[in-house]
file protein_38.txt (compact mmCIF, C-alpha atoms)
# COMPACT_ATOMS: atom_id res chain seq x y z
CA MET A 1 1.20 -1.91 30.75
CA ASN A 2 4.82 -0.89 30.50
CA ARG A 3 5.05 -2.59 27.13
CA LEU A 4 1.98 -0.70 25.95
CA LYS A 5 3.52 2.60 26.95
CA GLU A 6 6.71 1.69 25.12
CA LEU A 7 4.71 0.97 22.01
CA ALA A 8 2.71 4.15 22.38
CA ARG A 9 5.65 6.56 22.65
CA PRO A 10 6.89 6.47 19.04
CA LEU A 11 3.32 6.15 17.81
CA THR A 12 2.44 9.33 19.63
CA TYR A 13 5.26 10.89 17.68
CA LEU A 14 3.78 9.71 14.39
CA TRP A 15 0.33 11.04 15.27
CA ARG A 16 1.65 14.34 16.51
CA ARG A 17 4.24 14.89 13.81
CA GLY A 18 3.01 18.38 12.96
CA SER A 19 2.95 19.57 16.54
CA PHE A 20 6.35 17.89 17.05
CA ASP A 21 7.95 20.14 14.43
CA HIS A 22 6.11 23.09 15.87
CA GLU A 23 7.31 22.35 19.40
CA LEU A 24 10.88 21.93 18.27
CA ALA A 25 10.70 25.29 16.50
CA ASP A 26 9.37 26.87 19.70
CA GLU A 27 12.22 25.32 21.63
CA VAL A 28 14.82 26.66 19.21
CA GLN A 29 13.15 30.06 19.36
CA PHE A 30 13.35 30.03 23.15
CA HIS A 31 16.99 28.99 23.08
CA ILE A 32 17.97 31.78 20.73
CA GLU A 33 15.98 34.42 22.61
CA SER A 34 17.59 33.42 25.90
CA ARG A 35 21.01 33.74 24.34
CA VAL A 36 20.07 37.14 22.88
CA ASP A 37 18.98 38.37 26.35
CA GLU A 38 22.30 37.27 27.76
CA LEU A 39 24.34 38.95 25.03
CA GLU A 40 22.30 42.14 25.37
CA GLN A 41 23.02 42.25 29.08
CA SER A 42 26.71 42.13 28.29
CA GLY A 43 26.24 45.33 26.27
CA MET A 44 25.59 44.12 22.73
CA SER A 45 22.94 45.72 20.50
CA ARG A 46 19.81 43.66 19.90
CA SER A 47 20.39 43.06 16.18
CA GLU A 48 24.02 42.17 16.76
CA ALA A 49 23.04 39.82 19.57
CA LEU A 50 20.41 38.19 17.38
CA SER A 51 22.74 37.45 14.49
CA ARG A 52 25.41 36.17 16.86
CA ALA A 53 22.96 33.88 18.65
CA ARG A 54 21.77 32.49 15.31
CA ARG A 55 25.32 31.91 14.17
CA GLU A 56 26.18 30.12 17.39
CA PHE A 57 23.18 27.87 17.08
CA GLY A 58 24.25 26.66 13.66
CA SER A 59 22.05 24.82 11.18
CA VAL A 60 18.51 24.45 12.49
CA VAL A 61 17.59 22.26 9.54
CA ARG A 62 20.31 19.71 10.27
CA MET A 63 19.44 19.70 13.95
CA ARG A 64 15.77 19.11 13.15
CA GLU A 65 16.63 16.24 10.80
CA GLU A 66 18.77 14.57 13.46
CA THR A 67 16.07 15.05 16.07
CA ARG A 68 13.43 13.51 13.84
CA ALA A 69 15.79 10.67 13.00
CA ALA A 70 15.97 9.82 16.70
CA TRP A 71 12.25 9.06 16.64
CA HIS A 72 12.27 7.37 13.24
CA VAL A 73 15.05 5.01 14.27
CA LYS A 74 13.15 4.16 17.43
CA TRP A 75 10.04 3.46 15.43
CA MET A 76 11.86 1.14 13.03
CA GLU A 77 13.64 -0.64 15.86
CA ASP A 78 10.35 -1.18 17.65
CA LEU A 79 8.75 -2.54 14.53
CA LEU A 80 11.64 -4.94 13.96
CA SER A 81 11.68 -6.12 17.54
CA ASP A 82 7.90 -6.61 17.46
CA LEU A 83 8.27 -8.70 14.32
CA ARG A 84 11.04 -10.74 15.92
CA TYR A 85 8.95 -11.19 19.03
CA ALA A 86 5.95 -12.29 16.97
CA SER A 87 7.92 -14.77 14.87
CA ARG A 88 9.56 -16.24 18.00
CA ALA A 89 6.18 -16.64 19.64
CA LEU A 90 4.80 -18.33 16.53
CA ARG A 91 7.78 -20.65 16.18
CA ARG A 92 7.51 -21.67 19.81
CA ASN A 93 3.90 -22.62 19.25
CA PRO A 94 3.64 -24.10 15.74
CA GLY A 95 0.16 -25.54 16.34
CA PHE A 96 -1.22 -22.17 17.18
CA ALA A 97 0.67 -20.62 14.26
CA ALA A 98 -0.79 -23.18 11.87
CA ALA A 99 -4.30 -22.60 13.21
CA ALA A 100 -3.89 -18.84 12.92
CA ILE A 101 -2.51 -19.03 9.37
CA PHE A 102 -5.20 -21.52 8.39
CA SER A 103 -8.03 -19.37 9.69
CA LEU A 104 -6.60 -16.28 8.04
CA ALA A 105 -6.18 -18.12 4.75
CA LEU A 106 -9.72 -19.47 5.00
CA GLY A 107 -11.04 -16.03 5.79
CA VAL A 108 -9.23 -14.40 2.89
CA GLY A 109 -10.26 -17.21 0.55
CA ALA A 110 -13.93 -17.07 1.56
CA ASN A 111 -13.91 -13.31 1.22
CA THR A 112 -12.41 -13.45 -2.27
CA THR A 113 -14.83 -16.16 -3.37
CA ILE A 114 -17.88 -14.30 -2.12
CA PHE A 115 -16.63 -11.11 -3.70
CA SER A 116 -16.08 -12.82 -7.07
CA LEU A 117 -19.48 -14.52 -7.00
CA THR A 118 -21.20 -11.31 -5.99
CA MET A 119 -19.47 -9.50 -8.85
CA GLU A 120 -20.61 -12.20 -11.29
CA PHE A 121 -24.19 -12.58 -10.13
CA LEU A 122 -25.14 -9.11 -8.99
CA PHE A 123 -22.98 -6.57 -10.74
CA SER A 124 -21.78 -7.83 -14.09
CA GLN A 125 -23.60 -7.89 -17.37
CA PRO A 126 -22.89 -9.65 -20.63
CA SER A 127 -21.63 -7.53 -23.52
CA CYS A 128 -24.89 -6.66 -25.21
CA PRO A 129 -27.52 -3.94 -25.12
CA ASN A 130 -30.62 -4.44 -22.90
CA PRO A 131 -29.65 -7.81 -21.42
CA GLU A 132 -32.88 -7.68 -19.37
CA THR A 133 -34.93 -8.46 -22.47
CA LEU A 134 -32.81 -11.51 -23.33
CA ALA A 135 -34.07 -14.86 -22.10
CA ALA A 136 -32.58 -18.33 -22.26
CA MET A 137 -35.11 -20.94 -23.39
CA ARG A 138 -35.33 -24.64 -22.74
CA ILE A 139 -37.52 -27.04 -24.60
CA GLY A 140 -38.69 -30.11 -22.72
CA GLY A 141 -35.98 -29.88 -20.11
CA ASN A 142 -33.11 -30.04 -22.61
CA SER A 143 -30.66 -27.22 -22.65
CA ASP A 144 -29.94 -27.79 -26.34
CA ILE A 145 -32.21 -28.71 -29.22
CA GLU A 146 -31.72 -29.76 -32.84
CA LEU A 147 -31.39 -27.17 -35.57
CA THR A 148 -34.62 -28.26 -37.28
CA LYS A 149 -36.62 -27.55 -34.12
CA TYR A 150 -34.78 -24.28 -33.71
CA ARG A 151 -35.72 -23.17 -37.21
CA PHE A 152 -39.36 -24.05 -36.62
CA LEU A 153 -39.45 -21.90 -33.47
CA ARG A 154 -37.55 -19.07 -35.11
CA ASP A 155 -39.95 -18.95 -38.03
CA ALA A 156 -42.94 -18.92 -35.65
CA HIS A 157 -41.88 -15.34 -34.76
CA LEU A 158 -42.98 -15.60 -31.14
CA PHE A 159 -40.28 -13.17 -30.10
CA GLU A 160 -38.47 -10.21 -31.51
CA GLY A 161 -35.63 -12.55 -32.32
CA LEU A 162 -34.50 -16.07 -31.57
CA ALA A 163 -30.95 -17.29 -31.92
CA GLY A 164 -29.04 -20.38 -30.96
CA SER A 165 -25.54 -21.06 -29.72
CA PHE A 166 -23.49 -24.06 -28.73
CA LEU A 167 -20.67 -23.29 -26.37
CA GLU A 168 -18.84 -26.52 -25.79
CA ALA A 169 -17.62 -26.74 -29.36
CA GLU A 170 -14.11 -27.21 -30.68
CA SER A 171 -12.56 -26.60 -34.03
CA ASN A 172 -9.29 -27.55 -35.72
CA TRP A 173 -7.41 -24.55 -36.96
CA ARG A 174 -4.81 -25.16 -39.62
CA TYR A 175 -2.08 -22.56 -39.42
CA GLY A 176 0.93 -23.07 -41.64
CA GLU A 177 2.21 -26.57 -40.99
CA ASP A 178 0.45 -26.90 -37.64
CA THR A 179 -3.04 -27.62 -36.48
CA TYR A 180 -4.43 -26.23 -33.26
CA ASP A 181 -7.47 -27.17 -31.26
CA LEU A 182 -9.59 -24.08 -30.60
CA HIS A 183 -12.46 -23.51 -28.22
CA VAL A 184 -15.20 -21.99 -30.27
CA MET A 185 -18.75 -20.83 -29.83
CA ARG A 186 -20.97 -22.08 -32.62
CA VAL A 187 -23.81 -19.68 -33.24
CA THR A 188 -26.71 -19.44 -35.65
CA SER A 189 -25.88 -16.80 -38.23
CA ASN A 190 -28.44 -14.36 -36.75
CA PHE A 191 -26.84 -14.57 -33.27
CA PHE A 192 -25.00 -11.24 -33.44
CA ASP A 193 -28.09 -9.63 -34.92
CA VAL A 194 -30.41 -10.85 -32.13
CA VAL A 195 -28.07 -10.39 -29.19
CA GLY A 196 -26.38 -7.23 -30.45
CA VAL A 197 -22.82 -8.04 -29.32
CA PRO A 198 -20.63 -4.95 -29.84
CA LEU A 199 -17.42 -5.39 -31.85
CA ALA A 200 -14.06 -3.65 -31.66
CA LEU A 201 -13.25 -4.04 -35.35
CA GLY A 202 -15.03 -5.15 -38.49
CA ARG A 203 -18.60 -6.45 -38.66
CA PRO A 204 -20.54 -9.30 -37.06
CA ILE A 205 -21.50 -12.57 -38.76
CA GLN A 206 -24.47 -11.65 -40.96
CA PRO A 207 -27.71 -13.63 -41.02
CA GLY A 208 -27.40 -16.33 -43.65
CA GLU A 209 -23.61 -16.05 -43.83
CA PRO A 210 -22.15 -19.55 -43.54
CA ALA A 211 -18.37 -18.97 -43.58
CA ALA A 212 -17.48 -15.95 -41.44
CA VAL A 213 -15.93 -15.83 -37.97
CA VAL A 214 -15.58 -13.23 -35.22
CA LEU A 215 -12.36 -13.46 -33.20
CA SER A 216 -11.86 -12.79 -29.52
CA HIS A 217 -9.47 -9.97 -28.76
CA ARG A 218 -7.18 -12.38 -26.89
CA PHE A 219 -7.00 -14.85 -29.77
CA TRP A 220 -6.29 -12.04 -32.23
CA GLN A 221 -3.52 -10.61 -30.02
CA GLN A 222 -1.88 -13.82 -28.86
CA ARG A 223 -2.26 -16.22 -31.74
CA LEU A 224 -2.26 -13.78 -34.67
CA ALA A 225 0.09 -11.21 -33.11
CA GLY A 226 -2.60 -8.52 -33.38
CA ASP A 227 -2.25 -8.52 -37.19
CA PRO A 228 -3.93 -5.22 -38.27
CA ASN A 229 -4.74 -6.59 -41.72
CA ILE A 230 -6.54 -9.67 -40.51
CA LEU A 231 -10.05 -8.51 -41.46
CA GLY A 232 -11.17 -10.16 -44.69
CA ARG A 233 -8.45 -12.81 -44.51
CA ALA A 234 -9.39 -16.45 -44.20
CA LEU A 235 -8.71 -18.92 -41.39
CA VAL A 236 -8.79 -22.61 -42.22
CA LEU A 237 -11.11 -24.21 -39.69
CA ASP A 238 -11.97 -27.90 -39.94
CA GLY A 239 -10.56 -27.84 -43.47
CA GLN A 240 -12.78 -25.02 -44.68
CA PRO A 241 -11.86 -21.35 -45.22
CA TYR A 242 -13.69 -18.87 -42.98
CA THR A 243 -13.44 -15.13 -43.53
CA VAL A 244 -12.48 -13.06 -40.49
CA ALA A 245 -15.41 -10.63 -40.30
CA GLY A 246 -14.78 -8.89 -36.98
CA ILE A 247 -12.94 -8.77 -33.67
CA LEU A 248 -14.53 -8.54 -30.23
CA PRO A 249 -13.51 -5.87 -27.75
CA ARG A 250 -10.93 -6.75 -25.11
CA ASN A 251 -13.56 -6.67 -22.34
CA HIS A 252 -16.10 -8.83 -24.15
CA ARG A 253 -18.21 -10.93 -21.81
CA THR A 254 -20.14 -13.89 -23.11
CA LEU A 255 -23.78 -14.45 -22.21
CA ILE A 256 -22.64 -17.24 -19.90
CA GLY A 257 -20.13 -15.03 -18.09
CA PHE A 258 -17.89 -16.53 -15.39
CA GLY A 259 -14.80 -15.60 -17.34
CA TRP A 260 -15.65 -18.18 -19.99
CA SER A 261 -14.64 -16.95 -23.40
CA PRO A 262 -14.14 -18.81 -26.67
CA ASP A 263 -11.29 -18.18 -29.10
CA LEU A 264 -13.79 -17.31 -31.77
CA TYR A 265 -17.45 -17.33 -32.77
CA MET A 266 -18.28 -19.35 -35.90
CA PRO A 267 -21.57 -20.34 -37.54
CA VAL A 268 -23.17 -23.73 -36.91
CA SER A 269 -22.52 -25.96 -39.89
CA GLY A 270 -23.89 -29.51 -39.95
CA GLU A 271 -27.61 -30.30 -39.84
CA ASN A 272 -27.20 -32.57 -36.82
CA GLU A 273 -25.80 -29.86 -34.57
CA ILE A 274 -27.66 -28.73 -31.49
CA VAL A 275 -28.03 -25.24 -30.01
CA ALA A 276 -29.18 -23.57 -26.80
CA LEU A 277 -31.83 -20.95 -27.40
CA VAL A 278 -31.69 -17.31 -26.52
CA ALA A 279 -34.70 -15.11 -27.21
CA ARG A 280 -34.97 -11.35 -27.47
CA LEU A 281 -38.30 -10.53 -25.87
CA PRO A 282 -40.47 -7.83 -27.42
CA GLN A 283 -40.68 -4.55 -25.50
CA ASP A 284 -44.11 -5.32 -24.01
CA MET A 285 -43.39 -8.93 -23.04
CA THR A 286 -42.16 -9.68 -19.54
CA ARG A 287 -40.35 -12.83 -18.47
CA GLN A 288 -43.53 -13.88 -16.66
CA MET A 289 -45.50 -13.73 -19.91
CA ALA A 290 -42.81 -15.66 -21.71
CA LEU A 291 -43.12 -18.53 -19.24
CA PRO A 292 -45.38 -21.37 -20.38
CA ASP A 293 -48.66 -21.76 -18.45
CA MET B 1 24.78 5.15 14.64
CA LEU B 2 23.55 8.64 15.42
CA GLU B 3 25.59 9.22 18.57
CA THR B 4 27.18 12.36 17.19
CA ASN B 5 28.46 14.34 20.15
CA THR B 6 30.72 17.31 20.14
CA SER B 7 34.03 16.17 18.75
CA GLU B 8 35.97 17.12 21.87
CA PHE B 9 33.86 14.76 23.97
CA LEU B 10 34.44 11.10 24.56
CA PRO B 11 31.62 9.15 22.94
CA GLY B 12 28.55 8.96 25.16
CA THR B 13 29.71 11.62 27.59
CA LEU B 14 27.08 14.09 26.39
CA TYR B 15 24.40 11.78 27.81
CA LEU B 16 26.30 11.54 31.06
CA LEU B 17 26.67 15.31 31.35
CA VAL B 18 23.00 15.93 30.59
CA LEU B 19 21.86 13.25 33.01
CA ARG B 20 24.11 14.59 35.75
CA THR B 21 22.92 18.17 35.15
CA LEU B 22 19.28 17.13 35.35
CA ALA B 23 19.84 15.12 38.55
CA ARG B 24 19.35 18.29 40.58
CA GLY B 25 15.99 19.10 39.01
CA PRO B 26 14.17 19.84 35.74
CA LEU B 27 15.77 22.34 33.35
CA HIS B 28 15.14 23.60 29.83
CA GLY B 29 17.62 23.02 27.02
CA TYR B 30 19.25 26.40 27.24
CA ALA B 31 19.82 26.04 30.98
CA ILE B 32 21.33 22.58 30.50
CA ALA B 33 23.92 23.95 28.08
CA ARG B 34 24.53 26.97 30.34
CA ARG B 35 24.90 24.82 33.47
CA ILE B 36 27.40 22.49 31.81
CA LYS B 37 29.41 25.41 30.53
CA ASP B 38 29.43 27.16 33.91
CA SER B 39 30.26 24.16 36.05
CA SER B 40 33.11 23.19 33.75
CA GLU B 41 34.39 26.78 34.01
CA ASP B 42 33.77 27.30 30.30
CA ALA B 43 35.81 24.25 29.33
CA LEU B 44 32.87 22.30 27.94
CA GLU B 45 30.65 24.05 25.46
CA ILE B 46 27.81 22.05 24.09
CA GLU B 47 26.79 22.62 20.51
CA GLU B 48 23.10 23.32 20.24
CA GLY B 49 23.05 21.28 17.07
CA SER B 50 23.88 18.15 19.06
CA LEU B 51 22.12 19.02 22.32
CA TYR B 52 18.54 18.85 21.03
CA PRO B 53 18.94 15.64 19.03
CA ALA B 54 20.58 14.10 22.11
CA LEU B 55 17.73 15.24 24.35
CA ASN B 56 15.25 13.67 21.93
CA ARG B 57 17.19 10.40 21.82
CA MET B 58 17.08 10.38 25.60
CA LEU B 59 13.32 10.96 25.49
CA VAL B 60 13.04 8.01 23.12
CA LYS B 61 15.09 5.84 25.47
CA GLY B 62 12.77 6.83 28.31
CA TRP B 63 15.47 8.44 30.45
CA LEU B 64 13.77 11.84 30.32
CA THR B 65 10.33 13.31 30.15
CA ALA B 66 9.58 16.78 28.79
CA GLU B 67 6.96 19.31 29.78
CA TRP B 68 6.17 22.83 28.68
CA GLY B 69 6.41 25.49 31.38
CA THR B 70 7.36 29.09 31.95
CA SER B 71 11.00 30.08 32.17
CA GLU B 72 12.57 32.46 34.69
CA ASN B 73 12.33 35.23 32.05
CA ASN B 74 8.61 34.47 31.51
CA ARG B 75 8.87 32.65 28.22
CA LYS B 76 7.38 29.35 27.13
CA ALA B 77 10.11 26.75 27.55
CA ARG B 78 10.37 22.99 27.46
CA PHE B 79 11.62 21.49 30.72
CA TYR B 80 13.36 18.13 30.80
CA LYS B 81 13.14 15.88 33.85
CA LEU B 82 14.94 12.66 34.79
CA THR B 83 12.84 9.52 34.99
CA PRO B 84 13.71 6.72 37.47
CA GLU B 85 15.15 4.89 34.45
CA GLY B 86 17.26 7.96 33.67
CA ARG B 87 18.54 8.03 37.25
CA LYS B 88 19.64 4.40 36.97
CA GLN B 89 21.31 5.20 33.66
CA LEU B 90 23.16 8.07 35.32
CA GLU B 91 24.54 5.69 37.97
CA ARG B 92 25.63 3.17 35.37
CA GLU B 93 27.24 5.76 33.14
CA SER B 94 29.10 7.54 35.94
CA LYS B 95 30.56 4.24 37.15
CA GLN B 96 31.62 3.36 33.63
CA PHE B 97 33.09 6.81 33.18
CA ASP B 98 35.06 6.56 36.44
CA ARG B 99 36.46 3.21 35.36
CA LEU B 100 37.42 4.65 31.98
CA VAL B 101 39.16 7.65 33.52
CA GLU B 102 41.05 5.43 36.00
CA ALA B 103 42.12 3.14 33.19
CA ILE B 104 43.36 6.05 31.11
CA GLN B 105 45.23 7.48 34.06
CA LEU B 106 46.86 4.09 34.70
CA VAL B 107 48.05 3.98 31.13
CA MET B 108 49.29 7.54 31.32
CA ARG B 109 51.30 6.84 34.46
CA THR B 110 52.83 3.51 33.47
CA ALA B 111 53.30 3.65 29.74
call {"tool": "encode", "arguments": {"input": "protein_38.txt", "output": "structure tokens"}}
result
Amino acid sequence: MNRLKELARPLTYLWRRGSFDHELADEVQFHIESRVDELEQSGMSRSEALSRARREFGSVVRMREETRAAWHVKWMEDLLSDLRYASRALRRNPGFAAAAIFSLALGVGANTTIFSLTMEFLFSQPSCPNPETLAAMRIGGNSDIELTKYRFLRDAHLFEGLAGSFLEAESNWRYGEDTYDLHVMRVTSNFFDVVGVPLALGRPIQPGEPAAVVLSHRFWQQRLAGDPNILGRALVLDGQPYTVAGILPRNHRTLIGFGWSPDLYMPVSGENEIVALVARLPQDMTRQMALPD
Amino acid sequence: MLETNTSEFLPGTLYLLVLRTLARGPLHGYAIARRIKDSSEDALEIEEGSLYPALNRMLVKGWLTAEWGTSENNRKARFYKLTPEGRKQLERESKQFDRLVEAIQLVMRTA
């Protein structure tokens, strides 16, 4: 109980800071008035007495600072001694300390994880207009299908648009004397057209264009030093020149999400490549209708 | 660190004087200064600039409590009162002070 009171005293000061200053001012006022009364009784005029009393009192500002400091120092000392007390108690009981730290860490970790997942699943959207009319498609339980099958489906015009992408691709980038392994997203050349990914600079890969790439903002900044004249230049990827058509915005989010982002988007090349399908549903088609019977 | 008393005082004696003055009953700040001045036959004059910070430090230490009341001239005044802890502090400090004075006197007589 005593300890509680000790803790409460400086805290009361913090809560009542405004009234503390006010009270001190009242006290000074009282002091000066009392002195004025006394001087007046000894035959001094009121105004003379007032100025004399003020002069005698000296600097009110300095006095107030010192008075406040008394409480501030107490507050700091209390905080320090509480911290010392807490660390002593924890050191004396390392098992308890470990359990406490572990549960706190677990709590913070779980909280962060749930927050991140909630952000991903409930609140974030990929960088494209009307993501609600985009649907991922699987054929026969496979996430990816061959290009020939893709073309057949695309030309059937079941949807407003149908594009394909392959996200676990890599590419060798020849830069000067060195070759680097890049993470790339291989997309059918109509991908940007169907999905509608916004760009920061330049233009998307056009349908039917076989040798153009779109760079991620990070790749452009970090690997190409943000070269402002990069558009229209060629990068040598897998031994072939690809024209840099555009650059994605800094906050670009892929359709997959989860922070996954490739260094660049490039068109699918070989006939034996496979792609995952993404369809743009027509305005009047719901996901339910798009599902097979 | 902040024990700034009037320069003529020995360090810490302001506390002792205030504690001793309040031992006879609660007083407001002005009366404390007045009482010390009177009972020392005007020898000790306490600067207001150090009195109020000292009173607040003593509140922080828990030696005093303060309460608003009405003064003899019908004004709102803050009255300071000794706590039991303050009374103990008074005993300790007066003993220490007596020892200090004796020691100084010894030096003065022998040296």
call {"tool": "residues_around", "arguments": {"input": "protein_38.txt", "residues": "A:Gln125", "least_positions_apart": "2", "cutoff": "8 Å", "atoms": "all atoms listed in the file", "output": "tab-separated table (two decimals) with C-alpha atoms, keeping the file's coordinate frame"}}
result
chain	number	residue	atom	x	y	z
A	123	PHE	CA	-22.98	-6.57	-10.74
A	127	SER	CA	-21.63	-7.53	-23.52
A	131	PRO	CA	-29.65	-7.81	-21.42
A	253	ARG	CA	-18.21	-10.93	-21.81
A	257	GLY	CA	-20.13	-15.03	-18.09
call {"tool": "closest_residue", "arguments": {"input": "protein_38.txt", "among": "A:Thr243, A:Thr254, A:Asn272, A:Ser34", "to": "A:Glu120", "atoms": "all atoms listed in the file"}}
result
A:Thr254
call {"tool": "residues_around", "arguments": {"input": "protein_38.txt", "residues": "B:Arg57", "least_positions_apart": "4", "cutoff": "8 Å", "atoms": "all atoms listed in the file", "output": "JSON, numbers by chain"}}
result
{"A": [67, 70, 71], "B": [53, 61]}
call {"tool": "interface_residues", "arguments": {"input": "protein_38.txt", "of": "chain A", "to": "chain B", "cutoff": "7 Å", "atoms": "all atoms listed in the file", "output": "ChimeraX atom specification"}}
result
/A:27,30-31,57-59,63,66-67,70-71,74
